[in-house]
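final-v6.cif (mmCIF, N, CA and C atoms) appears below.
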```
data_data
#
loop_
_atom_site.label_atom_id
_atom_site.label_comp_id
_atom_site.auth_asym_id
_atom_site.auth_seq_id
_atom_site.Cartn_x
_atom_site.Cartn_y
_atom_site.Cartn_z
N MET D 1 156.41 -12.02 -105.27
CA MET D 1 156.50 -11.44 -103.95
C MET D 1 155.28 -10.54 -103.75
N THR D 2 154.72 -10.66 -102.58
CA THR D 2 153.55 -9.85 -102.24
C THR D 2 153.63 -9.43 -100.78
N GLY D 3 152.79 -8.48 -100.41
CA GLY D 3 152.70 -8.06 -99.01
C GLY D 3 153.29 -6.70 -98.76
N THR D 4 152.96 -6.16 -97.59
CA THR D 4 153.44 -4.85 -97.14
C THR D 4 154.07 -5.02 -95.77
N TYR D 5 155.28 -4.50 -95.60
CA TYR D 5 156.04 -4.71 -94.37
C TYR D 5 156.65 -3.40 -93.88
N PRO D 6 156.01 -2.74 -92.90
CA PRO D 6 156.59 -1.53 -92.33
C PRO D 6 157.81 -1.88 -91.48
N MET D 7 158.85 -1.08 -91.57
CA MET D 7 160.05 -1.30 -90.75
C MET D 7 160.83 -0.01 -90.61
N ASN D 8 161.90 -0.09 -89.86
CA ASN D 8 162.75 1.08 -89.63
C ASN D 8 164.17 0.78 -90.10
N VAL D 9 164.81 1.80 -90.65
CA VAL D 9 166.21 1.71 -91.03
C VAL D 9 167.03 1.84 -89.76
N ASP D 10 167.97 0.94 -89.54
CA ASP D 10 168.77 1.00 -88.32
C ASP D 10 169.88 2.05 -88.43
N GLY D 11 170.65 2.21 -87.37
CA GLY D 11 171.69 3.22 -87.30
C GLY D 11 172.80 3.04 -88.33
N LYS D 12 172.94 1.84 -88.88
CA LYS D 12 173.95 1.58 -89.91
C LYS D 12 173.31 1.54 -91.31
N ALA D 13 172.11 2.10 -91.44
CA ALA D 13 171.40 2.21 -92.73
C ALA D 13 171.07 0.84 -93.31
N ARG D 14 170.59 -0.08 -92.45
CA ARG D 14 170.21 -1.42 -92.91
C ARG D 14 168.74 -1.68 -92.61
N ILE D 15 168.15 -2.54 -93.42
CA ILE D 15 166.81 -3.07 -93.12
C ILE D 15 166.86 -4.58 -93.26
N THR D 16 165.98 -5.23 -92.55
CA THR D 16 165.86 -6.68 -92.64
C THR D 16 164.93 -7.03 -93.78
N VAL D 17 165.35 -7.96 -94.62
CA VAL D 17 164.50 -8.41 -95.71
C VAL D 17 163.36 -9.22 -95.11
N PRO D 18 162.11 -8.91 -95.45
CA PRO D 18 160.99 -9.69 -94.93
C PRO D 18 161.16 -11.18 -95.21
N SER D 19 160.84 -12.00 -94.23
CA SER D 19 161.10 -13.44 -94.37
C SER D 19 160.45 -14.08 -95.59
N PRO D 20 159.24 -13.70 -96.03
CA PRO D 20 158.71 -14.33 -97.24
C PRO D 20 159.56 -14.09 -98.49
N PHE D 21 160.33 -13.02 -98.52
CA PHE D 21 161.15 -12.70 -99.69
C PHE D 21 162.48 -13.45 -99.69
N ARG D 22 162.95 -13.83 -98.50
CA ARG D 22 164.27 -14.46 -98.38
C ARG D 22 164.36 -15.76 -99.14
N LYS D 23 163.25 -16.49 -99.24
CA LYS D 23 163.25 -17.76 -99.95
C LYS D 23 163.58 -17.57 -101.43
N GLU D 24 163.23 -16.41 -101.96
CA GLU D 24 163.39 -16.16 -103.39
C GLU D 24 164.70 -15.49 -103.75
N ILE D 25 165.35 -14.79 -102.81
CA ILE D 25 166.49 -13.99 -103.21
C ILE D 25 167.86 -14.63 -102.96
N ASP D 26 167.96 -15.66 -102.17
CA ASP D 26 169.21 -16.42 -102.02
C ASP D 26 170.45 -15.56 -101.77
N ARG D 27 170.39 -14.68 -100.78
CA ARG D 27 171.53 -13.94 -100.25
C ARG D 27 172.01 -12.72 -101.04
N ARG D 28 171.68 -12.59 -102.31
CA ARG D 28 172.14 -11.43 -103.09
C ARG D 28 170.95 -10.68 -103.66
N VAL D 29 171.04 -9.35 -103.61
CA VAL D 29 169.97 -8.48 -104.10
C VAL D 29 170.59 -7.39 -104.98
N VAL D 30 169.93 -7.11 -106.09
CA VAL D 30 170.31 -5.96 -106.91
C VAL D 30 169.28 -4.88 -106.63
N MET D 31 169.77 -3.74 -106.14
CA MET D 31 168.89 -2.61 -105.85
C MET D 31 169.07 -1.55 -106.93
N VAL D 32 167.93 -1.01 -107.40
CA VAL D 32 167.99 0.05 -108.40
C VAL D 32 166.91 1.08 -108.09
N PRO D 33 167.28 2.36 -108.00
CA PRO D 33 166.28 3.40 -107.74
C PRO D 33 165.39 3.60 -108.97
N VAL D 34 164.08 3.56 -108.75
CA VAL D 34 163.10 3.76 -109.83
C VAL D 34 161.88 4.45 -109.25
N GLN D 35 161.43 5.52 -109.86
CA GLN D 35 160.18 6.20 -109.50
C GLN D 35 160.05 6.52 -108.01
N GLY D 36 161.09 7.04 -107.40
CA GLY D 36 161.01 7.49 -106.02
C GLY D 36 161.13 6.41 -104.97
N CYS D 37 161.48 5.19 -105.39
CA CYS D 37 161.70 4.11 -104.44
C CYS D 37 162.88 3.29 -104.93
N VAL D 38 163.15 2.16 -104.28
CA VAL D 38 164.22 1.27 -104.70
C VAL D 38 163.60 -0.09 -105.00
N TYR D 39 163.85 -0.59 -106.20
CA TYR D 39 163.44 -1.93 -106.56
C TYR D 39 164.53 -2.89 -106.12
N GLY D 40 164.15 -4.06 -105.59
CA GLY D 40 165.09 -5.09 -105.22
C GLY D 40 164.80 -6.36 -105.99
N PHE D 41 165.80 -6.86 -106.69
CA PHE D 41 165.69 -8.06 -107.53
C PHE D 41 166.73 -9.09 -107.15
N THR D 42 166.49 -10.33 -107.53
CA THR D 42 167.59 -11.28 -107.58
C THR D 42 168.46 -10.84 -108.76
N PRO D 43 169.74 -11.24 -108.81
CA PRO D 43 170.55 -10.87 -109.98
C PRO D 43 169.93 -11.34 -111.30
N GLU D 44 169.37 -12.55 -111.30
CA GLU D 44 168.74 -13.07 -112.51
C GLU D 44 167.46 -12.29 -112.84
N GLY D 45 166.72 -11.94 -111.80
CA GLY D 45 165.50 -11.16 -111.98
C GLY D 45 165.79 -9.77 -112.53
N PHE D 46 166.90 -9.17 -112.08
CA PHE D 46 167.28 -7.86 -112.59
C PHE D 46 167.61 -7.94 -114.07
N ASP D 47 168.38 -8.95 -114.48
CA ASP D 47 168.71 -9.11 -115.89
C ASP D 47 167.45 -9.32 -116.73
N ALA D 48 166.53 -10.14 -116.23
CA ALA D 48 165.27 -10.38 -116.96
C ALA D 48 164.44 -9.10 -117.05
N TRP D 49 164.43 -8.31 -115.99
CA TRP D 49 163.68 -7.05 -116.01
C TRP D 49 164.26 -6.09 -117.04
N ILE D 50 165.59 -5.97 -117.06
CA ILE D 50 166.24 -5.11 -118.05
C ILE D 50 165.85 -5.55 -119.47
N GLU D 51 165.94 -6.84 -119.73
CA GLU D 51 165.60 -7.34 -121.07
C GLU D 51 164.13 -7.10 -121.41
N SER D 52 163.26 -7.19 -120.41
CA SER D 52 161.82 -6.99 -120.65
C SER D 52 161.50 -5.57 -121.11
N LEU D 53 162.37 -4.63 -120.78
CA LEU D 53 162.14 -3.24 -121.18
C LEU D 53 162.25 -3.05 -122.69
N PHE D 54 162.84 -4.04 -123.36
CA PHE D 54 163.06 -3.93 -124.80
C PHE D 54 162.19 -4.92 -125.60
N GLU D 55 161.25 -5.57 -124.96
CA GLU D 55 160.44 -6.59 -125.63
C GLU D 55 159.59 -6.05 -126.76
N ASN D 56 159.18 -4.79 -126.72
CA ASN D 56 158.34 -4.25 -127.77
C ASN D 56 159.13 -3.81 -129.00
N SER D 57 160.44 -3.79 -128.89
CA SER D 57 161.27 -3.45 -130.04
C SER D 57 161.29 -4.63 -131.00
N GLU D 58 161.49 -4.34 -132.27
CA GLU D 58 161.52 -5.42 -133.26
C GLU D 58 162.64 -6.40 -132.99
N GLN D 59 163.78 -5.90 -132.58
CA GLN D 59 164.94 -6.77 -132.36
C GLN D 59 165.31 -6.90 -130.88
N HIS D 60 164.41 -6.57 -129.99
CA HIS D 60 164.72 -6.47 -128.57
C HIS D 60 165.76 -5.37 -128.38
N PHE D 61 166.79 -5.61 -127.57
CA PHE D 61 167.80 -4.56 -127.37
C PHE D 61 168.54 -4.33 -128.68
N ASN D 62 168.63 -3.06 -129.06
CA ASN D 62 169.33 -2.71 -130.29
C ASN D 62 170.52 -1.83 -129.93
N PRO D 63 171.74 -2.34 -130.06
CA PRO D 63 172.91 -1.55 -129.68
C PRO D 63 173.14 -0.35 -130.58
N ARG D 64 172.38 -0.23 -131.66
CA ARG D 64 172.50 0.93 -132.55
C ARG D 64 171.41 1.97 -132.28
N ASN D 65 170.55 1.67 -131.31
CA ASN D 65 169.48 2.60 -130.95
C ASN D 65 169.93 3.36 -129.70
N LEU D 66 170.09 4.68 -129.83
CA LEU D 66 170.61 5.50 -128.74
C LEU D 66 169.75 5.38 -127.48
N ARG D 67 168.43 5.34 -127.63
CA ARG D 67 167.53 5.20 -126.48
C ARG D 67 167.81 3.90 -125.74
N ASP D 68 167.90 2.80 -126.48
CA ASP D 68 168.18 1.50 -125.86
C ASP D 68 169.50 1.53 -125.11
N VAL D 69 170.53 2.06 -125.73
CA VAL D 69 171.86 2.10 -125.12
C VAL D 69 171.84 2.94 -123.85
N LYS D 70 171.23 4.13 -123.92
CA LYS D 70 171.18 5.00 -122.74
C LYS D 70 170.38 4.38 -121.60
N LEU D 71 169.25 3.77 -121.93
CA LEU D 71 168.41 3.16 -120.90
C LEU D 71 169.15 2.03 -120.21
N ARG D 72 169.70 1.11 -120.97
CA ARG D 72 170.42 -0.01 -120.38
C ARG D 72 171.61 0.48 -119.55
N ARG D 73 172.37 1.40 -120.10
CA ARG D 73 173.55 1.92 -119.40
C ARG D 73 173.16 2.60 -118.09
N GLY D 74 172.15 3.45 -118.15
CA GLY D 74 171.74 4.18 -116.96
C GLY D 74 171.24 3.28 -115.85
N LEU D 75 170.44 2.28 -116.22
CA LEU D 75 169.92 1.37 -115.20
C LEU D 75 171.03 0.51 -114.60
N ASN D 76 171.91 -0.01 -115.44
CA ASN D 76 173.01 -0.82 -114.92
C ASN D 76 173.96 0.01 -114.07
N ALA D 77 174.19 1.26 -114.45
CA ALA D 77 175.10 2.11 -113.67
C ALA D 77 174.51 2.50 -112.32
N SER D 78 173.20 2.63 -112.25
CA SER D 78 172.59 3.04 -110.97
C SER D 78 172.26 1.85 -110.07
N ALA D 79 172.40 0.65 -110.59
CA ALA D 79 172.11 -0.55 -109.79
C ALA D 79 173.29 -0.88 -108.87
N VAL D 80 172.96 -1.43 -107.71
CA VAL D 80 173.96 -1.82 -106.72
C VAL D 80 173.63 -3.24 -106.26
N GLU D 81 174.60 -4.14 -106.35
CA GLU D 81 174.39 -5.50 -105.86
C GLU D 81 174.94 -5.61 -104.44
N VAL D 82 174.12 -6.14 -103.54
CA VAL D 82 174.53 -6.31 -102.14
C VAL D 82 174.22 -7.73 -101.69
N GLU D 83 174.97 -8.16 -100.69
CA GLU D 83 174.71 -9.45 -100.06
C GLU D 83 174.01 -9.22 -98.74
N LEU D 84 173.06 -10.08 -98.43
CA LEU D 84 172.43 -10.03 -97.13
C LEU D 84 173.48 -10.43 -96.09
N ASP D 85 173.45 -9.76 -94.94
CA ASP D 85 174.38 -10.15 -93.89
C ASP D 85 173.81 -11.35 -93.14
N SER D 86 174.48 -11.78 -92.08
CA SER D 86 174.05 -12.99 -91.36
C SER D 86 172.69 -12.83 -90.69
N ALA D 87 172.24 -11.58 -90.50
CA ALA D 87 170.92 -11.33 -89.91
C ALA D 87 169.88 -10.99 -90.98
N ASN D 88 170.19 -11.30 -92.24
CA ASN D 88 169.28 -11.07 -93.38
C ASN D 88 168.94 -9.60 -93.59
N ARG D 89 169.95 -8.75 -93.42
CA ARG D 89 169.76 -7.32 -93.61
C ARG D 89 170.44 -6.87 -94.91
N ILE D 90 169.85 -5.82 -95.51
CA ILE D 90 170.41 -5.16 -96.69
C ILE D 90 170.99 -3.83 -96.24
N ALA D 91 172.17 -3.52 -96.73
CA ALA D 91 172.81 -2.23 -96.42
C ALA D 91 172.35 -1.19 -97.44
N LEU D 92 171.36 -0.37 -97.05
CA LEU D 92 170.86 0.67 -97.95
C LEU D 92 171.90 1.74 -98.22
N GLY D 93 172.86 1.88 -97.35
CA GLY D 93 173.92 2.86 -97.55
C GLY D 93 174.71 2.63 -98.83
N LYS D 94 174.69 1.41 -99.34
CA LYS D 94 175.39 1.09 -100.60
C LYS D 94 174.80 1.86 -101.78
N LEU D 95 173.56 2.33 -101.64
CA LEU D 95 172.96 3.13 -102.72
C LEU D 95 173.74 4.42 -102.96
N ASP D 96 174.41 4.91 -101.92
CA ASP D 96 175.16 6.16 -102.03
C ASP D 96 176.47 5.99 -102.79
N VAL D 97 176.88 4.74 -103.07
CA VAL D 97 178.11 4.52 -103.82
C VAL D 97 177.96 5.04 -105.25
N ALA D 98 176.85 4.69 -105.90
CA ALA D 98 176.62 5.13 -107.27
C ALA D 98 176.33 6.63 -107.35
N LYS D 99 175.64 7.15 -106.34
CA LYS D 99 175.32 8.58 -106.32
C LYS D 99 175.26 9.02 -104.85
N PRO D 100 176.26 9.76 -104.39
CA PRO D 100 176.25 10.21 -103.00
C PRO D 100 174.96 10.96 -102.65
N GLY D 101 174.39 10.60 -101.50
CA GLY D 101 173.16 11.24 -101.04
C GLY D 101 171.88 10.64 -101.58
N ARG D 102 171.99 9.59 -102.36
CA ARG D 102 170.79 9.00 -102.98
C ARG D 102 169.81 8.48 -101.93
N ARG D 103 170.29 7.81 -100.90
CA ARG D 103 169.40 7.24 -99.87
C ARG D 103 168.60 8.35 -99.20
N LYS D 104 169.27 9.44 -98.87
CA LYS D 104 168.58 10.56 -98.24
C LYS D 104 167.59 11.19 -99.22
N GLU D 105 167.99 11.33 -100.47
CA GLU D 105 167.13 11.88 -101.52
C GLU D 105 165.83 11.08 -101.65
N LEU D 106 165.92 9.77 -101.48
CA LEU D 106 164.75 8.89 -101.57
C LEU D 106 163.97 8.81 -100.26
N GLY D 107 164.49 9.42 -99.21
CA GLY D 107 163.81 9.40 -97.92
C GLY D 107 163.93 8.07 -97.19
N LEU D 108 164.97 7.31 -97.50
CA LEU D 108 165.13 5.99 -96.89
C LEU D 108 165.92 6.08 -95.60
N GLU D 109 165.36 6.84 -94.69
CA GLU D 109 165.91 7.01 -93.35
C GLU D 109 164.72 6.90 -92.40
N GLY D 110 164.90 6.28 -91.28
CA GLY D 110 163.78 6.15 -90.34
C GLY D 110 162.78 5.12 -90.82
N ALA D 111 161.52 5.52 -90.88
CA ALA D 111 160.44 4.60 -91.24
C ALA D 111 160.40 4.36 -92.75
N VAL D 112 160.44 3.08 -93.13
CA VAL D 112 160.31 2.68 -94.53
C VAL D 112 159.25 1.58 -94.62
N THR D 113 158.78 1.37 -95.83
CA THR D 113 157.83 0.30 -96.08
C THR D 113 158.36 -0.54 -97.23
N VAL D 114 158.42 -1.84 -97.01
CA VAL D 114 158.87 -2.77 -98.04
C VAL D 114 157.63 -3.49 -98.55
N ILE D 115 157.45 -3.47 -99.88
CA ILE D 115 156.29 -4.13 -100.47
C ILE D 115 156.75 -5.15 -101.50
N GLY D 116 155.98 -6.20 -101.65
CA GLY D 116 156.22 -7.16 -102.71
C GLY D 116 155.46 -6.72 -103.95
N ASN D 117 156.10 -6.83 -105.10
CA ASN D 117 155.45 -6.44 -106.35
C ASN D 117 155.78 -7.44 -107.45
N GLY D 118 155.33 -8.67 -107.24
CA GLY D 118 155.53 -9.71 -108.25
C GLY D 118 156.95 -10.21 -108.30
N ASP D 119 157.68 -9.81 -109.32
CA ASP D 119 159.03 -10.33 -109.53
C ASP D 119 160.11 -9.58 -108.75
N HIS D 120 159.71 -8.60 -107.95
CA HIS D 120 160.68 -7.83 -107.16
C HIS D 120 159.99 -7.26 -105.92
N PHE D 121 160.80 -6.70 -105.04
CA PHE D 121 160.23 -5.95 -103.92
C PHE D 121 160.65 -4.50 -104.07
N GLU D 122 159.95 -3.62 -103.36
CA GLU D 122 160.23 -2.20 -103.42
C GLU D 122 160.40 -1.66 -102.00
N ILE D 123 161.32 -0.73 -101.85
CA ILE D 123 161.56 -0.07 -100.57
C ILE D 123 161.19 1.40 -100.74
N TRP D 124 160.21 1.84 -99.95
CA TRP D 124 159.69 3.20 -100.02
C TRP D 124 159.89 3.90 -98.68
N SER D 125 160.04 5.22 -98.71
CA SER D 125 159.90 5.94 -97.46
C SER D 125 158.43 5.76 -97.09
N THR D 126 158.14 5.57 -95.83
CA THR D 126 156.75 5.31 -95.43
C THR D 126 155.85 6.48 -95.81
N LYS D 127 156.34 7.69 -95.68
CA LYS D 127 155.54 8.86 -96.04
C LYS D 127 155.17 8.82 -97.52
N GLN D 128 156.13 8.53 -98.38
CA GLN D 128 155.88 8.46 -99.82
C GLN D 128 154.95 7.28 -100.15
N TRP D 129 155.14 6.15 -99.47
CA TRP D 129 154.29 4.99 -99.71
C TRP D 129 152.83 5.30 -99.35
N GLU D 130 152.63 5.96 -98.24
CA GLU D 130 151.27 6.32 -97.84
C GLU D 130 150.61 7.23 -98.87
N ALA D 131 151.37 8.15 -99.46
CA ALA D 131 150.83 9.01 -100.51
C ALA D 131 150.50 8.19 -101.76
N GLU D 132 151.36 7.25 -102.11
CA GLU D 132 151.10 6.37 -103.26
C GLU D 132 149.83 5.55 -103.03
N GLN D 133 149.67 5.03 -101.84
CA GLN D 133 148.49 4.21 -101.53
C GLN D 133 147.21 5.04 -101.57
N ALA D 134 147.27 6.26 -101.06
CA ALA D 134 146.08 7.12 -101.10
C ALA D 134 145.68 7.39 -102.54
N SER D 135 146.64 7.67 -103.39
CA SER D 135 146.37 7.90 -104.81
C SER D 135 145.80 6.64 -105.46
N PHE D 136 146.37 5.48 -105.13
CA PHE D 136 145.90 4.21 -105.67
C PHE D 136 144.45 3.95 -105.27
N GLU D 137 144.15 4.15 -104.01
CA GLU D 137 142.78 3.91 -103.53
C GLU D 137 141.78 4.83 -104.22
N ASP D 138 142.19 6.08 -104.48
CA ASP D 138 141.32 7.01 -105.19
C ASP D 138 141.08 6.56 -106.63
N ASP D 139 142.07 5.93 -107.25
CA ASP D 139 142.01 5.54 -108.66
C ASP D 139 141.66 4.08 -108.90
N LEU D 140 141.40 3.31 -107.85
CA LEU D 140 141.23 1.88 -108.00
C LEU D 140 140.14 1.50 -109.00
N ASP D 141 138.97 2.09 -108.89
CA ASP D 141 137.90 1.75 -109.84
C ASP D 141 138.30 2.07 -111.27
N ALA D 142 138.90 3.22 -111.48
CA ALA D 142 139.32 3.59 -112.84
C ALA D 142 140.39 2.65 -113.37
N LEU D 143 141.32 2.23 -112.50
CA LEU D 143 142.36 1.30 -112.92
C LEU D 143 141.79 -0.08 -113.27
N MET D 144 140.81 -0.51 -112.49
CA MET D 144 140.24 -1.84 -112.72
C MET D 144 139.22 -1.88 -113.85
N PHE D 145 138.42 -0.81 -113.96
CA PHE D 145 137.28 -0.88 -114.87
C PHE D 145 137.30 0.22 -115.93
N GLY D 146 138.35 1.02 -115.98
CA GLY D 146 138.40 2.15 -116.89
C GLY D 146 138.77 1.79 -118.30
#
```
Can the structure in the file be given as structure tokens, please?
Amino acid sequence: MTGTYPMNVDGKARITVPSPFRKEIDRRVVMVPVQGCVYGFTPEGFDAWIESLFENSEQHFNPRNLRDVKLRRGLNASAVEVELDSANRIALGKLDVAKPGRRKELGLEGAVTVIGNGDHFEIWSTKQWEAEQASFEDDLDALMFG
């Protein structure tokens, strides 16, 4: 998934999934708050992402390693699976089920920006996204050639 899509959260706390992403997600999305935004995955993509976090371990996920257990538990507990409605919208309000006030905490009210990031998409408050982009543009040469 790639691209940048500015949009607005409607009065019922929903956003429309950008049409290029709909082909890949097949009606269900797993949303998980990460680094000040929300990652959106297919259910299979979410499982693969969780497993990828343990690839550098000798045994992959180790149920006897406290760090592994806490990381997996925390991410699964904060994730919310939602179905797109008939108008291809995601209900961002479902984020508040796992933690009341989470959507507001992330600034996902009013103007938001949805970006594609390879195997998932991300939902940012537009203000936060603009700050991230400014930082990225300042660091682009160092990131590419450093």
For this file, the PyMOL selection byres ((chain D and resi 127-137) around 8) selects which residues, as a PDB file with N, CA and C atoms, in the coordinates of the input?
```
ATOM      1  N   GLY D  36     161.090   7.040-107.400  1.00  0.00           N
ATOM      2  CA  GLY D  36     161.010   7.490-106.020  1.00  0.00           C
ATOM      3  C   GLY D  36     161.130   6.410-104.970  1.00  0.00           C
ATOM      4  N   GLY D 107     164.490   9.420 -99.210  1.00  0.00           N
ATOM      5  CA  GLY D 107     163.810   9.400 -97.920  1.00  0.00           C
ATOM      6  C   GLY D 107     163.930   8.070 -97.190  1.00  0.00           C
ATOM      7  N   ALA D 111     161.520   5.520 -90.880  1.00  0.00           N
ATOM      8  CA  ALA D 111     160.440   4.600 -91.240  1.00  0.00           C
ATOM      9  C   ALA D 111     160.400   4.360 -92.750  1.00  0.00           C
ATOM     10  N   VAL D 112     160.440   3.080 -93.130  1.00  0.00           N
ATOM     11  CA  VAL D 112     160.310   2.680 -94.530  1.00  0.00           C
ATOM     12  C   VAL D 112     159.250   1.580 -94.620  1.00  0.00           C
ATOM     13  N   THR D 113     158.780   1.370 -95.830  1.00  0.00           N
ATOM     14  CA  THR D 113     157.830   0.300 -96.080  1.00  0.00           C
ATOM     15  C   THR D 113     158.360  -0.540 -97.230  1.00  0.00           C
ATOM     16  N   ILE D 123     161.320  -0.730-101.850  1.00  0.00           N
ATOM     17  CA  ILE D 123     161.560  -0.070-100.570  1.00  0.00           C
ATOM     18  C   ILE D 123     161.190   1.400-100.740  1.00  0.00           C
ATOM     19  N   TRP D 124     160.210   1.840 -99.950  1.00  0.00           N
ATOM     20  CA  TRP D 124     159.690   3.200-100.020  1.00  0.00           C
ATOM     21  C   TRP D 124     159.890   3.900 -98.680  1.00  0.00           C
ATOM     22  N   SER D 125     160.040   5.220 -98.710  1.00  0.00           N
ATOM     23  CA  SER D 125     159.900   5.940 -97.460  1.00  0.00           C
ATOM     24  C   SER D 125     158.430   5.760 -97.090  1.00  0.00           C
ATOM     25  N   THR D 126     158.140   5.570 -95.830  1.00  0.00           N
ATOM     26  CA  THR D 126     156.750   5.310 -95.430  1.00  0.00           C
ATOM     27  C   THR D 126     155.850   6.480 -95.810  1.00  0.00           C
ATOM     28  N   ASP D 138     142.190   6.080-104.480  1.00  0.00           N
ATOM     29  CA  ASP D 138     141.320   7.010-105.190  1.00  0.00           C
ATOM     30  C   ASP D 138     141.080   6.560-106.630  1.00  0.00           C
ATOM     31  N   ASP D 139     142.070   5.930-107.250  1.00  0.00           N
ATOM     32  CA  ASP D 139     142.010   5.540-108.660  1.00  0.00           C
ATOM     33  C   ASP D 139     141.660   4.080-108.900  1.00  0.00           C
ATOM     34  N   LEU D 140     141.400   3.310-107.850  1.00  0.00           N
ATOM     35  CA  LEU D 140     141.230   1.880-108.000  1.00  0.00           C
ATOM     36  C   LEU D 140     140.140   1.500-109.000  1.00  0.00           C
ATOM     37  N   ASP D 141     138.970   2.090-108.890  1.00  0.00           N
ATOM     38  CA  ASP D 141     137.900   1.750-109.840  1.00  0.00           C
ATOM     39  C   ASP D 141     138.300   2.070-111.270  1.00  0.00           C
ATOM     40  N   ALA D 142     138.900   3.220-111.480  1.00  0.00           N
ATOM     41  CA  ALA D 142     139.320   3.590-112.840  1.00  0.00           C
ATOM     42  C   ALA D 142     140.390   2.650-113.370  1.00  0.00           C
TER      43      ALA D 142
END
```
**Request:** Give the alpha helix (DSSP H) residues of chain D, as DSSP finds them on the backbone, and put them as a PyMOL selection string.
**Result:** chain D and resi 19-25+43-52+66-78+95-98+102-105+126-145
**Message:** Expand the PyMOL selection byres ((chain D and resi 14-25) around 5) into the explicit residue set it covers here, and present it as number ranges by chain.
**Reply:** D: 9-10, 12-13, 26-28, 88-92
**Message:** For this structure, which residues satisfy the selection - the PyMOL selection byres (((chain D and resi 98-102 and name CA) around 12) and name CA) - when it is evaluated on the file as given? I want them as JSON, numbers by chain.
**Reply:** {"D": [31, 32, 33, 34, 36, 37, 38, 74, 75, 76, 77, 78, 79, 80, 81, 92, 93, 94, 95, 96, 97, 103, 104, 105, 106, 107, 108, 109]}
**Request:** From a DSSP pass on the backbone, collect the residues of chain D flagged as strand (DSSP E) and hand them back as JSON, numbers by chain.
**Result:** {"D": [4, 5, 6, 7, 8, 14, 15, 16, 28, 29, 30, 31, 32, 33, 34, 37, 38, 39, 40, 41, 80, 81, 82, 83, 89, 90, 91, 111, 112, 113, 114, 115, 116, 117, 120, 121, 122, 123, 124, 125]}
